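Engineer: structure.cif (mmCIF, C-alpha atoms) pasted underneath:
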data_my_file
loop_
_atom_site.group_PDB
_atom_site.id
_atom_site.type_symbol
_atom_site.label_atom_id
_atom_site.label_comp_id
_atom_site.auth_asym_id
_atom_site.auth_seq_id
_atom_site.Cartn_x
_atom_site.Cartn_y
_atom_site.Cartn_z
ATOM 1 C CA ASP N 1 -6.578 14.377 -14.978
ATOM 2 C CA GLY N 2 -5.935 15.528 -11.402
ATOM 3 C CA GLY N 3 -8.653 17.570 -9.836
ATOM 4 C CA ILE N 4 -11.496 17.919 -7.395
ATOM 5 C CA THR N 5 -14.904 16.484 -8.222
ATOM 6 C CA GLN N 6 -18.245 17.383 -6.699
ATOM 7 C CA SER N 7 -21.419 15.431 -7.236
ATOM 8 C CA PRO N 8 -24.209 15.724 -7.982
ATOM 9 C CA LYS N 9 -24.300 19.030 -9.856
ATOM 10 C CA TYR N 10 -27.937 19.562 -8.850
ATOM 11 C CA LEU N 11 -29.672 18.128 -5.783
ATOM 12 C CA PHE N 12 -33.162 18.471 -4.402
ATOM 13 C CA ARG N 13 -34.125 18.016 -0.783
ATOM 14 C CA LYS N 14 -37.524 17.331 0.692
ATOM 15 C CA GLU N 15 -38.589 18.788 4.020
ATOM 16 C CA GLY N 16 -37.048 16.923 6.961
ATOM 17 C CA GLN N 17 -34.628 14.999 4.790
ATOM 18 C CA ASN N 18 -30.867 14.712 5.177
ATOM 19 C CA VAL N 19 -28.827 14.888 1.987
ATOM 20 C CA THR N 20 -25.134 14.271 1.388
ATOM 21 C CA LEU N 21 -22.945 16.135 -1.067
ATOM 22 C CA SER N 22 -19.882 14.346 -2.374
ATOM 23 C CA CYS N 23 -16.401 15.846 -2.746
ATOM 24 C CA GLU N 24 -13.463 13.773 -4.013
ATOM 25 C CA GLN N 25 -9.947 14.902 -4.883
ATOM 26 C CA ASN N 26 -7.042 13.037 -6.457
ATOM 27 C CA LEU N 27 -4.495 15.799 -5.855
ATOM 28 C CA ASN N 28 -3.137 14.179 -2.666
ATOM 29 C CA HIS N 29 -4.101 17.333 -0.775
ATOM 30 C CA ASP N 30 -4.232 17.327 3.018
ATOM 31 C CA ALA N 31 -6.673 20.192 3.599
ATOM 32 C CA MET N 32 -10.263 20.227 2.356
ATOM 33 C CA TYR N 33 -13.007 22.825 2.737
ATOM 34 C CA TRP N 34 -16.746 23.298 2.300
ATOM 35 C CA TYR N 35 -18.223 26.702 1.470
ATOM 36 C CA ARG N 36 -21.777 27.883 1.017
ATOM 37 C CA GLN N 37 -22.711 30.609 -1.458
ATOM 38 C CA ASP N 38 -26.099 32.318 -1.581
ATOM 39 C CA PRO N 39 -27.199 34.209 -4.715
ATOM 40 C CA GLY N 40 -25.180 37.387 -5.228
ATOM 41 C CA GLN N 41 -23.187 36.762 -2.066
ATOM 42 C CA GLY N 42 -19.633 35.722 -1.227
ATOM 43 C CA LEU N 43 -18.425 32.379 0.114
ATOM 44 C CA ARG N 44 -19.011 31.397 3.723
ATOM 45 C CA LEU N 45 -16.963 28.650 5.363
ATOM 46 C CA ILE N 46 -18.949 25.690 6.721
ATOM 47 C CA TYR N 47 -16.324 23.127 7.743
ATOM 48 C CA TYR N 48 -12.696 22.417 6.998
ATOM 49 C CA SER N 49 -10.314 19.536 7.574
ATOM 50 C CA GLN N 50 -6.537 19.604 7.706
ATOM 51 C CA ILE N 51 -5.893 15.875 8.121
ATOM 52 C CA VAL N 52 -7.767 12.580 8.000
ATOM 53 C CA ASN N 53 -10.136 11.944 10.930
ATOM 54 C CA ASP N 54 -10.026 15.587 11.997
ATOM 55 C CA PHE N 55 -12.158 18.593 11.051
ATOM 56 C CA GLN N 56 -13.096 22.011 12.424
ATOM 57 C CA LYS N 57 -16.222 24.141 12.292
ATOM 58 C CA GLY N 58 -16.184 27.161 10.072
ATOM 59 C CA ASP N 59 -18.379 30.231 10.416
ATOM 60 C CA ILE N 60 -21.749 28.622 9.626
ATOM 61 C CA ALA N 61 -21.510 24.961 10.739
ATOM 62 C CA GLU N 62 -24.962 24.682 12.355
ATOM 63 C CA GLY N 63 -27.188 22.237 10.488
ATOM 64 C CA TYR N 64 -24.290 20.581 8.680
ATOM 65 C CA SER N 65 -22.018 17.627 9.390
ATOM 66 C CA VAL N 66 -18.891 16.242 7.735
ATOM 67 C CA SER N 67 -16.558 13.269 7.909
ATOM 68 C CA ARG N 68 -12.965 12.754 6.784
ATOM 69 C CA GLU N 69 -12.355 9.010 6.827
ATOM 70 C CA LYS N 70 -10.144 9.103 3.732
ATOM 71 C CA LYS N 71 -7.684 11.709 2.558
ATOM 72 C CA GLU N 72 -9.355 12.028 -0.835
ATOM 73 C CA SER N 73 -12.951 12.359 0.376
ATOM 74 C CA PHE N 74 -14.774 15.015 2.431
ATOM 75 C CA PRO N 75 -18.571 14.533 2.200
ATOM 76 C CA LEU N 76 -20.951 17.169 3.549
ATOM 77 C CA THR N 77 -24.344 16.232 4.998
ATOM 78 C CA VAL N 78 -27.031 18.878 5.069
ATOM 79 C CA THR N 79 -29.278 17.827 7.936
ATOM 80 C CA SER N 80 -32.946 18.561 8.546
ATOM 81 C CA ALA N 81 -31.782 21.062 11.190
ATOM 82 C CA GLN N 82 -30.596 23.364 8.391
ATOM 83 C CA LYS N 83 -33.802 25.310 7.778
ATOM 84 C CA ASN N 84 -32.599 27.275 4.767
ATOM 85 C CA PRO N 85 -30.411 24.888 2.775
ATOM 86 C CA THR N 86 -30.994 26.279 -0.710
ATOM 87 C CA ALA N 87 -27.582 27.475 -1.893
ATOM 88 C CA PHE N 88 -24.578 26.730 -4.089
ATOM 89 C CA TYR N 89 -22.081 24.527 -2.253
ATOM 90 C CA LEU N 90 -18.392 24.573 -3.120
ATOM 91 C CA CYS N 91 -15.699 22.137 -2.044
ATOM 92 C CA ALA N 92 -12.002 23.030 -2.168
ATOM 93 C CA SER N 93 -8.654 21.457 -1.333
ATOM 94 C CA LYS N 94 -5.101 22.592 -0.689
ATOM 95 C CA GLY N 95 -1.834 20.772 -0.293
ATOM 96 C CA LEU N 96 0.326 21.017 2.813
ATOM 97 C CA GLY N 97 2.562 23.983 2.174
ATOM 98 C CA GLY N 98 0.624 24.762 -0.976
ATOM 99 C CA GLU N 99 -0.445 28.269 -1.748
ATOM 100 C CA LYS N 100 -3.497 27.746 -3.916
ATOM 101 C CA LEU N 101 -6.993 26.549 -3.158
ATOM 102 C CA PHE N 102 -8.429 24.296 -5.846
ATOM 103 C CA PHE N 103 -12.208 24.370 -6.142
ATOM 104 C CA GLY N 104 -14.716 21.899 -7.481
ATOM 105 C CA SER N 105 -17.472 22.955 -9.867
ATOM 106 C CA GLY N 106 -20.094 23.102 -7.117
ATOM 107 C CA THR N 107 -23.445 21.547 -6.211
ATOM 108 C CA GLN N 108 -26.684 23.529 -6.383
ATOM 109 C CA LEU N 109 -29.012 22.356 -3.610
ATOM 110 C CA SER N 110 -32.683 23.275 -3.712
ATOM 111 C CA VAL N 111 -35.619 22.462 -1.449
ATOM 112 C CA LEU N 112 -38.749 20.892 -2.931
ATOM 113 C CA ASP T 113 -7.360 36.240 9.535
ATOM 114 C CA ALA T 114 -7.599 39.949 8.745
ATOM 115 C CA LYS T 115 -10.823 41.272 7.271
ATOM 116 C CA THR T 116 -10.816 42.740 3.771
ATOM 117 C CA THR T 117 -12.970 45.448 2.212
ATOM 118 C CA GLN T 118 -13.684 45.627 -1.524
ATOM 119 C CA PRO T 119 -16.037 47.748 -3.611
ATOM 120 C CA PRO T 120 -19.143 45.691 -4.480
ATOM 121 C CA SER T 121 -18.933 46.309 -8.212
ATOM 122 C CA MET T 122 -17.059 48.053 -10.975
ATOM 123 C CA ASP T 123 -17.136 48.327 -14.762
ATOM 124 C CA CYS T 124 -14.201 48.524 -17.115
ATOM 125 C CA ALA T 125 -13.723 48.792 -20.865
ATOM 126 C CA GLU T 126 -12.467 45.892 -22.929
ATOM 127 C CA GLY T 127 -8.785 46.278 -23.732
ATOM 128 C CA ARG T 128 -8.145 48.693 -20.897
ATOM 129 C CA ALA T 129 -6.448 47.948 -17.599
ATOM 130 C CA ALA T 130 -8.726 47.049 -14.708
ATOM 131 C CA ASN T 131 -7.543 48.125 -11.251
ATOM 132 C CA LEU T 132 -9.294 46.350 -8.376
ATOM 133 C CA PRO T 133 -8.678 47.771 -4.908
ATOM 134 C CA CYS T 134 -8.704 45.926 -1.592
ATOM 135 C CA ASN T 135 -8.330 47.341 1.903
ATOM 136 C CA HIS T 136 -6.880 45.171 4.648
ATOM 137 C CA SER T 137 -5.958 47.711 7.290
ATOM 138 C CA THR T 138 -5.702 45.136 10.110
ATOM 139 C CA ILE T 139 -3.307 42.853 8.253
ATOM 140 C CA SER T 140 -0.543 41.309 10.344
ATOM 141 C CA GLY T 141 3.087 41.033 9.365
ATOM 142 C CA ASN T 142 2.839 37.342 8.516
ATOM 143 C CA GLU T 143 -0.403 37.489 6.515
ATOM 144 C CA TYR T 144 -0.382 37.020 2.757
ATOM 145 C CA VAL T 145 -2.749 38.721 0.321
ATOM 146 C CA TYR T 146 -4.511 36.360 -2.104
ATOM 147 C CA TRP T 147 -6.766 37.033 -5.067
ATOM 148 C CA TYR T 148 -9.273 34.622 -6.590
ATOM 149 C CA ARG T 149 -11.965 35.096 -9.179
ATOM 150 C CA GLN T 150 -15.266 33.323 -9.760
ATOM 151 C CA ILE T 151 -16.971 33.186 -13.101
ATOM 152 C CA HIS T 152 -20.717 32.684 -12.838
ATOM 153 C CA SER T 153 -21.767 29.316 -11.367
ATOM 154 C CA GLN T 154 -18.225 27.953 -11.295
ATOM 155 C CA GLY T 155 -15.709 27.383 -8.512
ATOM 156 C CA PRO T 156 -13.287 30.238 -7.779
ATOM 157 C CA GLN T 157 -9.922 30.243 -9.518
ATOM 158 C CA TYR T 158 -6.625 31.319 -7.964
ATOM 159 C CA ILE T 159 -5.060 34.403 -9.570
ATOM 160 C CA ILE T 160 -2.072 35.591 -7.563
ATOM 161 C CA HIS T 161 -0.755 36.161 -4.050
ATOM 162 C CA GLY T 162 1.946 38.188 -2.277
ATOM 163 C CA LEU T 163 3.366 39.170 1.077
ATOM 164 C CA LYS T 164 4.937 42.598 0.639
ATOM 165 C CA ASN T 165 6.597 42.725 -2.749
ATOM 166 C CA ASN T 166 4.721 43.396 -5.940
ATOM 167 C CA GLU T 167 4.001 40.249 -7.919
ATOM 168 C CA THR T 168 3.215 39.531 -11.558
ATOM 169 C CA ASN T 169 2.170 36.405 -13.401
ATOM 170 C CA GLU T 170 0.510 35.572 -16.696
ATOM 171 C CA MET T 171 -2.912 36.562 -15.393
ATOM 172 C CA ALA T 172 -2.379 39.738 -13.395
ATOM 173 C CA SER T 173 -0.184 41.991 -11.295
ATOM 174 C CA LEU T 174 -0.511 42.576 -7.561
ATOM 175 C CA ILE T 175 0.581 45.874 -6.052
ATOM 176 C CA ILE T 176 0.821 45.983 -2.252
ATOM 177 C CA THR T 177 1.311 49.328 -0.524
ATOM 178 C CA GLU T 178 4.390 49.818 1.608
ATOM 179 C CA ASP T 179 2.357 49.770 4.842
ATOM 180 C CA ARG T 180 0.535 46.653 3.527
ATOM 181 C CA LYS T 181 -2.844 48.079 4.498
ATOM 182 C CA SER T 182 -4.156 47.906 0.948
ATOM 183 C CA SER T 183 -3.465 46.273 -2.385
ATOM 184 C CA THR T 184 -4.530 46.524 -6.013
ATOM 185 C CA LEU T 185 -5.055 43.721 -8.495
ATOM 186 C CA ILE T 186 -4.319 44.831 -12.041
ATOM 187 C CA LEU T 187 -5.698 43.062 -15.100
ATOM 188 C CA PRO T 188 -3.506 44.696 -17.767
ATOM 189 C CA HIS T 189 -5.778 44.262 -20.800
ATOM 190 C CA ALA T 190 -9.261 43.282 -19.708
ATOM 191 C CA THR T 191 -11.248 40.976 -21.975
ATOM 192 C CA LEU T 192 -14.913 40.039 -21.884
ATOM 193 C CA ARG T 193 -13.880 36.711 -20.326
ATOM 194 C CA ASP T 194 -12.531 38.588 -17.316
ATOM 195 C CA THR T 195 -16.111 39.391 -16.260
ATOM 196 C CA ALA T 196 -16.316 37.718 -12.857
ATOM 197 C CA VAL T 197 -16.428 38.273 -9.093
ATOM 198 C CA TYR T 198 -12.959 38.959 -7.691
ATOM 199 C CA TYR T 199 -12.150 38.056 -4.105
ATOM 200 C CA CYS T 200 -9.329 39.475 -2.024
ATOM 201 C CA ILE T 201 -8.451 37.465 1.085
ATOM 202 C CA VAL T 202 -5.636 37.557 3.594
ATOM 203 C CA ARG T 203 -4.323 34.645 5.574
ATOM 204 C CA VAL T 204 -1.367 33.616 7.622
ATOM 205 C CA GLY T 205 1.031 30.953 6.447
ATOM 206 C CA GLU T 206 0.834 27.241 7.119
ATOM 207 C CA ALA T 207 2.057 27.362 10.690
ATOM 208 C CA ALA T 208 -1.068 29.156 11.857
ATOM 209 C CA GLY T 209 -3.526 26.734 10.368
ATOM 210 C CA ASN T 210 -5.618 26.496 7.271
ATOM 211 C CA LYS T 211 -8.841 28.393 7.933
ATOM 212 C CA LEU T 212 -9.590 30.446 4.826
ATOM 213 C CA THR T 213 -12.501 32.864 4.668
ATOM 214 C CA PHE T 214 -13.826 34.910 1.759
ATOM 215 C CA GLY T 215 -15.669 38.234 1.794
ATOM 216 C CA GLY T 216 -18.226 39.520 -0.690
ATOM 217 C CA GLY T 217 -15.787 40.337 -3.485
ATOM 218 C CA THR T 218 -16.012 42.839 -6.348
ATOM 219 C CA ARG T 219 -18.299 42.091 -9.257
ATOM 220 C CA VAL T 220 -16.393 43.204 -12.375
ATOM 221 C CA LEU T 221 -18.206 43.748 -15.660
ATOM 222 C CA VAL T 222 -16.005 44.176 -18.725
ATOM 223 C CA LYS T 223 -17.876 46.068 -21.426
ATOM 224 C CA PRO T 224 -17.143 46.068 -25.167
#
Produce structure tokens that represent the structure in this file.
Structural biologist:
Amino acid sequence: DGGITQSPKYLFRKEGQNVTLSCEQNLNHDAMYWYRQDPGQGLRLIYYSQIVNDFQKGDIAEGYSVSREKKESFPLTVTSAQKNPTAFYLCASKGLGGEKLFFGSGTQLSVL
Amino acid sequence: DAKTTQPPSMDCAEGRAANLPCNHSTISGNEYVYWYRQIHSQGPQYIIHGLKNNETNEMASLIITEDRKSSTLILPHATLRDTAVYYCIVRVGEAAGNKLTFGGGTRVLVKP
């Protein structure tokens, strides 16, 4: 089935540790996005990428990094510089000229 | 992208129509109105979008005012499964890039 897959579903981070969240899509979409969602809040844009080897900062990029080496993959690294990383992270993709965003099922990140 | 304003929450009765308002008073002529919904702990799901004409699909209807400064999403016969957070966003078309931002949304509770 075509879709967008996030892993893991739950992730725990220790103090000072970097962690990487995976996002893979087999929809042949050009654009990919990462959003952060805090409890009871809306989605805030972290990073987005429109083509391979290119990405732009969203509204809350500090403490995060991304790469886009392959069209189907857009991993997000939560670095130790992100002091409040506990949140629900959502990845999304959209085709060139497409109207709809397709979302993954999310990763819940918590700090130990 | 233009900013949107939605009520934080609303209740509606099962089987009745649910009318969800959205203000986007700074919308530009080339910006589309999109609606998504997010059921608890899942990724958002596309519902409908429009530019200036009213739109209808199998999920909902979208009514956009003539001045395009506001719109209403209509769920014609709300069911308990329609309980979710509904997001209204506006964005320009492909030529202006792919940055997509979400606000806080409206938390809709459908009651029996």
Engineer: Select all residues from chain T having any atom no more than 12 Å from an atom of chain N (counting only C-alpha atoms, ignoring ligands), output as an NGL selection string.
Structural biologist: :T and (118 or 120-121 or 144-163 or 196-219)
Engineer: Please enumerate the residues selected by the PyMOL selection byres ((chain T and resi 128-135) around 6) when evaluated against the supplied file, formatted as a PyMOL selection string.
Structural biologist: chain T and resi 116-118+125-127+136-137+182-190
Engineer: State, in Å with one decimal place, the distance from CA of Cys124 in chain T to CA of Met171 in chain T.
Structural biologist: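 Separation of CA of Cys124 in chain T and CA of Met171 in chain T: 16.5 Å.
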Engineer: Enter the distance from CA of Asn169 in chain T to CA of Gly3 in chain N, in Å, rounded to one decimal.
Structural biologist: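 According to the coordinates, CA of Asn169 in chain T and CA of Gly3 in chain N are separated by 22.0 Å.
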Engineer: May I ask which of the residues T:Asp123, T:Val220, T:Ile139, T:Asp194 is the closest one to Ile176 in chain T, counting all atoms listed in the file?
Structural biologist: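 Among T:Asp123, T:Val220, T:Ile139, T:Asp194, it is T:Ile139 that comes nearest to Ile176 in chain T.
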Engineer: Take the PyMOL selection byres ((chain N and resi 109) around 9), run it mentally on this structure, and tell me the resulting residues as a short mmCIF file (atom, residue, chain, number, x, y, z; two decimals) with C-alpha atoms, in the frame of the given file.
Structural biologist:
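The new file part10.cif reads:
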data_model
loop_
_atom_site.label_atom_id
_atom_site.label_comp_id
_atom_site.auth_asym_id
_atom_site.auth_seq_id
_atom_site.Cartn_x
_atom_site.Cartn_y
_atom_site.Cartn_z
CA LYS N 9 -24.30 19.03 -9.86
CA TYR N 10 -27.94 19.56 -8.85
CA LEU N 11 -29.67 18.13 -5.78
CA PHE N 12 -33.16 18.47 -4.40
CA ARG N 13 -34.12 18.02 -0.78
CA PRO N 85 -30.41 24.89 2.78
CA THR N 86 -30.99 26.28 -0.71
CA ALA N 87 -27.58 27.48 -1.89
CA PHE N 88 -24.58 26.73 -4.09
CA TYR N 89 -22.08 24.53 -2.25
CA THR N 107 -23.44 21.55 -6.21
CA GLN N 108 -26.68 23.53 -6.38
CA SER N 110 -32.68 23.28 -3.71
CA VAL N 111 -35.62 22.46 -1.45
#
Engineer: Name the residues that the PyMOL selection byres ((chain N and resi 81) around 12) picks from the file above, as a list in words, using the file's chain letters and numbers.
Structural biologist: Glu15, Gly16, Gln17, Asn18, Val19, Ala61, Glu62, Gly63, Tyr64, Ser65, Thr77, Val78, Thr79, Ser80, Gln82, Lys83, Asn84 and Pro85 of chain N
Engineer: Figure out the distance between CA of Leu76 in chain N and CA of Leu21 in chain N, please, to one decimal in Å.
Structural biologist: 5.1 Å
Engineer: Set up a box along x, y and z of the file covering all listed atoms of range 66-84 of chain N, add 3 Å on every one of the six sides, and write the centre and edge lengths in Å to one decimal, as JSON.
Structural biologist:
{"center_x": -20.7, "center_y": 18.1, "center_z": 5.2, "size_x": 32.1, "size_y": 24.3, "size_z": 18.0}
Engineer: Go through T:Ser173, T:Thr168, T:Met122, T:Lys115 one by one, measure the shortest atom-to-atom distance of each to Lys223 in chain T using only C-alpha atoms, and give the residue with the smallest value.
Structural biologist: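 Closest to Lys223 in chain T of all the choices is T:Met122.
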Engineer: Near Leu27 in chain N, counting only C-alpha atoms, which residues have an atom at most 10 Å away, once you skip same-chain residues fewer than 6 positions from it, shown as a list in words?
Structural biologist: Asp1, Gly2, Gly3, Ile4, Lys71, Glu72, Ser93, Lys94, Gly95 and Phe102 of chain N
Engineer: Rebuild range 140-169 of chain T so that it carries N, CA and C atoms, then output the result as a compact mmCIF listing (two decimals), in the coordinates of the input.
Structural biologist:
# COMPACT_ATOMS: atom_id res chain seq x y z
N SER T 140 -1.71 41.54 9.50
CA SER T 140 -0.54 41.31 10.34
C SER T 140 0.69 41.07 9.48
N GLY T 141 1.84 41.15 10.11
CA GLY T 141 3.09 41.03 9.36
C GLY T 141 3.29 39.72 8.65
N ASN T 142 2.64 38.65 9.13
CA ASN T 142 2.84 37.34 8.52
C ASN T 142 1.66 36.91 7.65
N GLU T 143 0.76 37.82 7.34
CA GLU T 143 -0.40 37.49 6.52
C GLU T 143 -0.16 37.81 5.05
N TYR T 144 -0.50 36.86 4.19
CA TYR T 144 -0.38 37.02 2.76
C TYR T 144 -1.68 37.58 2.20
N VAL T 145 -1.58 38.26 1.06
CA VAL T 145 -2.75 38.72 0.32
C VAL T 145 -2.95 37.79 -0.87
N TYR T 146 -4.16 37.26 -1.01
CA TYR T 146 -4.51 36.36 -2.10
C TYR T 146 -5.66 36.95 -2.91
N TRP T 147 -5.65 36.67 -4.20
CA TRP T 147 -6.77 37.03 -5.07
C TRP T 147 -7.26 35.80 -5.81
N TYR T 148 -8.59 35.65 -5.82
CA TYR T 148 -9.27 34.62 -6.59
C TYR T 148 -10.36 35.29 -7.41
N ARG T 149 -10.80 34.60 -8.45
CA ARG T 149 -11.96 35.10 -9.18
C ARG T 149 -12.94 33.96 -9.45
N GLN T 150 -14.22 34.31 -9.55
CA GLN T 150 -15.27 33.32 -9.76
C GLN T 150 -16.14 33.76 -10.92
N ILE T 151 -16.08 32.98 -11.97
CA ILE T 151 -16.97 33.19 -13.10
C ILE T 151 -18.29 32.52 -12.76
N HIS T 152 -19.37 33.07 -13.24
CA HIS T 152 -20.72 32.68 -12.84
C HIS T 152 -20.93 31.17 -12.78
N SER T 153 -21.40 30.72 -11.58
CA SER T 153 -21.77 29.32 -11.37
C SER T 153 -20.60 28.34 -11.49
N GLN T 154 -19.39 28.83 -11.33
CA GLN T 154 -18.23 27.95 -11.30
C GLN T 154 -17.50 28.11 -9.96
N GLY T 155 -16.54 27.24 -9.69
CA GLY T 155 -15.71 27.38 -8.51
C GLY T 155 -14.69 28.48 -8.71
N PRO T 156 -14.31 29.19 -7.66
CA PRO T 156 -13.29 30.24 -7.78
C PRO T 156 -11.96 29.69 -8.30
N GLN T 157 -11.21 30.58 -8.92
CA GLN T 157 -9.92 30.24 -9.52
C GLN T 157 -8.85 31.14 -8.91
N TYR T 158 -7.74 30.55 -8.50
CA TYR T 158 -6.62 31.32 -7.96
C TYR T 158 -6.05 32.24 -9.03
N ILE T 159 -5.70 33.47 -8.64
CA ILE T 159 -5.06 34.40 -9.57
C ILE T 159 -3.62 34.66 -9.17
N ILE T 160 -3.41 35.15 -7.95
CA ILE T 160 -2.07 35.59 -7.56
C ILE T 160 -2.04 35.79 -6.06
N HIS T 161 -0.87 35.82 -5.46
CA HIS T 161 -0.76 36.16 -4.05
C HIS T 161 0.59 36.83 -3.79
N GLY T 162 0.70 37.53 -2.64
CA GLY T 162 1.95 38.19 -2.28
C GLY T 162 1.99 38.52 -0.80
N LEU T 163 3.18 38.81 -0.32
CA LEU T 163 3.37 39.17 1.08
C LEU T 163 3.62 40.67 1.22
N LYS T 164 4.65 41.16 0.58
CA LYS T 164 4.94 42.60 0.64
C LYS T 164 5.52 43.14 -0.66
N ASN T 165 6.07 42.28 -1.46
CA ASN T 165 6.60 42.72 -2.75
C ASN T 165 5.52 42.64 -3.81
N ASN T 166 5.65 43.48 -4.82
CA ASN T 166 4.72 43.40 -5.94
C ASN T 166 4.97 42.09 -6.69
N GLU T 167 3.91 41.52 -7.22
CA GLU T 167 4.00 40.25 -7.92
C GLU T 167 3.31 40.35 -9.27
N THR T 168 3.82 39.58 -10.22
CA THR T 168 3.22 39.53 -11.56
C THR T 168 3.25 38.10 -12.07
N ASN T 169 2.16 37.68 -12.70
CA ASN T 169 2.17 36.40 -13.40
C ASN T 169 1.43 36.58 -14.71
